[in-house]
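For reference, the structure discussed in these notes is given below.
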Amino acid sequence: EDQVTQSPEALRLQEGESSSLNCSYTVSGLRGLFWYRQDPGKGPEFLFTLYSAGEEKEKERLKATLTKKESFLHITAPKPEDSATYLCAVRSGGSNYKLTFGKGTLLTVNP
Amino acid sequence: ETGVTQSPTHLIKTRGQQVTLRCSSQSGHNTVSWYQQALGQGPQFIFQYYREEENGRGNFPPRFSGLQFPNYSSELNVNALELDDSALYLCASTTADTSQETQYFGPGTRLLVL
């Protein structure tokens, strides 16, 4: 059974203070690792998909990296508008597109 | 803007009742998945439909059922509601026409069971 563990559960940063969120996973045949951002009461917003170890993707202040056992979401010089819950999910081999999610990391960036 | 819409946005029901939630996907997205997200948790996979047939199911009882229609809309039906069914219900759509698929989520329906 696929498993995803995210840490920390919550992270409070000052504006401009860079940090990283961790996503550890166990999966039989990784077909993709996904990062989403979720604001309170809203649906998850797609950020990145990573497919193989060593892959990196960037978008504004965010950079996602992938190894064979974990992924990191690096946040450089965050702003208050980056405050949200960040969700990590994996898709394993099979005919459907089931995503297994972690519980998320609640990020708060103070001005 | 994902192009995925859900209705209603909020719903209050009582235990034992039945509920139908609706989702409209992007044109061309022939795969739709439904997820349940309890407060403080990540979304949990309920089931998925591809070309109007169920194509995978998570650990949810048969009282959770669904339909997908040719016009890229779908429904989630829950019978005999229980208090623990209170959650945010999300639908996500994707196209199966690429090897680098991404699931795009709707805004969700918040269901409260009293």
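Please note that chains go A, B, ... in the order of the structure tokens, that every chain numbers its residues from 1, and that ligands are numbered from 1 in the order shown.
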
Counting only C-alpha atoms, chain B residues within 6 Å of chain A, as a PyMOL selection string: chain B and resi 41-42+105-108

What parts of chain A does DSSP call strand (DSSP E)? I'd like the answer as a ChimeraX atom specification. /A:3-7,10-14,19-26,30-38,45-50,56-59,62-66,70-75,84-92,100-101,105-110

Nearby residues (only C-alpha atoms) at most 6 Å from Phe47 in chain B, same-chain spacing under 2 positions excluded, as a PyMOL selection string: chain B and resi 33-34+45+56-58

Could you take the residues named above and write them with N, CA, C and O atoms, as a CSV table (one decimal), in the first residue's frame?
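Printed below is again_3.csv as written:
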```csv
chain,number,residue,atom,x,y,z
B,33,SER,N,-12.0,11.7,-10.8
B,33,SER,CA,-11.8,11.1,-9.5
B,33,SER,C,-12.5,11.9,-8.5
B,33,SER,O,-12.6,13.1,-8.6
B,34,TRP,N,-13.0,11.2,-7.4
B,34,TRP,CA,-13.6,11.8,-6.3
B,34,TRP,C,-12.8,11.5,-5.0
B,34,TRP,O,-12.3,10.4,-4.9
B,45,PHE,N,-8.8,9.0,-1.6
B,45,PHE,CA,-9.4,8.5,-2.9
B,45,PHE,C,-10.7,7.7,-2.6
B,45,PHE,O,-10.7,6.7,-1.9
B,56,GLY,N,-11.5,1.9,-10.6
B,56,GLY,CA,-10.7,2.0,-9.4
B,56,GLY,C,-11.5,2.5,-8.2
B,56,GLY,O,-12.3,3.5,-8.4
B,57,ARG,N,-11.3,1.9,-7.0
B,57,ARG,CA,-12.1,2.3,-5.9
B,57,ARG,C,-11.2,2.3,-4.6
B,57,ARG,O,-10.4,1.3,-4.5
B,58,GLY,N,-11.4,3.2,-3.8
B,58,GLY,CA,-10.6,3.2,-2.5
B,58,GLY,C,-11.4,2.5,-1.4
B,58,GLY,O,-12.4,1.8,-1.7
```

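For Ser73 in chain B, the non-local neighbours within 9 Å, defined as residues at least 6 positions apart in the same chain or in other chains and counting only C-alpha atoms, are Arg22, Cys23, Ser24, Ser25, Gln26, Val32 and Leu67 of chain B.
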
Write out the residues from the selection above, keeping N, CA, C and O atoms, as a PDB file, in the first residue's frame.
```pdb
ATOM      1  N   ARG B  22     -22.311  17.183  -7.386  1.00  0.00           N
ATOM      2  CA  ARG B  22     -22.093  17.238  -8.817  1.00  0.00           C
ATOM      3  C   ARG B  22     -20.769  17.903  -9.188  1.00  0.00           C
ATOM      4  O   ARG B  22     -20.282  18.778  -8.476  1.00  0.00           O
ATOM      5  N   CYS B  23     -20.225  17.480 -10.321  1.00  0.00           N
ATOM      6  CA  CYS B  23     -18.941  17.977 -10.775  1.00  0.00           C
ATOM      7  C   CYS B  23     -19.003  18.131 -12.288  1.00  0.00           C
ATOM      8  O   CYS B  23     -19.551  17.269 -12.990  1.00  0.00           O
ATOM      9  N   SER B  24     -18.422  19.203 -12.786  1.00  0.00           N
ATOM     10  CA  SER B  24     -18.323  19.401 -14.229  1.00  0.00           C
ATOM     11  C   SER B  24     -16.842  19.558 -14.578  1.00  0.00           C
ATOM     12  O   SER B  24     -16.170  20.444 -14.047  1.00  0.00           O
ATOM     13  N   SER B  25     -16.359  18.692 -15.431  1.00  0.00           N
ATOM     14  CA  SER B  25     -14.939  18.667 -15.769  1.00  0.00           C
ATOM     15  C   SER B  25     -14.650  19.505 -17.010  1.00  0.00           C
ATOM     16  O   SER B  25     -15.555  19.938 -17.714  1.00  0.00           O
ATOM     17  N   GLN B  26     -13.354  19.662 -17.276  1.00  0.00           N
ATOM     18  CA  GLN B  26     -12.931  20.333 -18.504  1.00  0.00           C
ATOM     19  C   GLN B  26     -13.298  19.480 -19.708  1.00  0.00           C
ATOM     20  O   GLN B  26     -13.254  18.254 -19.654  1.00  0.00           O
ATOM     21  N   VAL B  32     -12.458  11.174 -14.273  1.00  0.00           N
ATOM     22  CA  VAL B  32     -12.801  11.983 -13.098  1.00  0.00           C
ATOM     23  C   VAL B  32     -12.632  11.146 -11.850  1.00  0.00           C
ATOM     24  O   VAL B  32     -12.981   9.958 -11.834  1.00  0.00           O
ATOM     25  N   LEU B  67     -21.580   8.314 -10.824  1.00  0.00           N
ATOM     26  CA  LEU B  67     -21.956   8.244 -12.235  1.00  0.00           C
ATOM     27  C   LEU B  67     -21.099   9.246 -12.992  1.00  0.00           C
ATOM     28  O   LEU B  67     -20.749  10.303 -12.466  1.00  0.00           O
TER      29      LEU B  67
END
```

Selection: 7 Å around Leu111 in chain B, only C-alpha atoms, excl. self and same-chain fewer than 5 positions, as a list in words: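 Counting only C-alpha atoms, the residues come to His10, Leu11, Ile12, Ser86, Ala87 and Leu88 of chain B.
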
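Each of B:Asp84, B:Asn77, B:Gly28, B:Glu53 was compared to Leu112 in chain B using only C-alpha atoms, and B:Asp84 turns out to be the nearest.
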
Nearest to Gln3 in chain A among B:Gln36, B:Gly3, B:Gln44, B:Pro70, with distances taken over only C-alpha atoms: which residue is it? B:Gln44
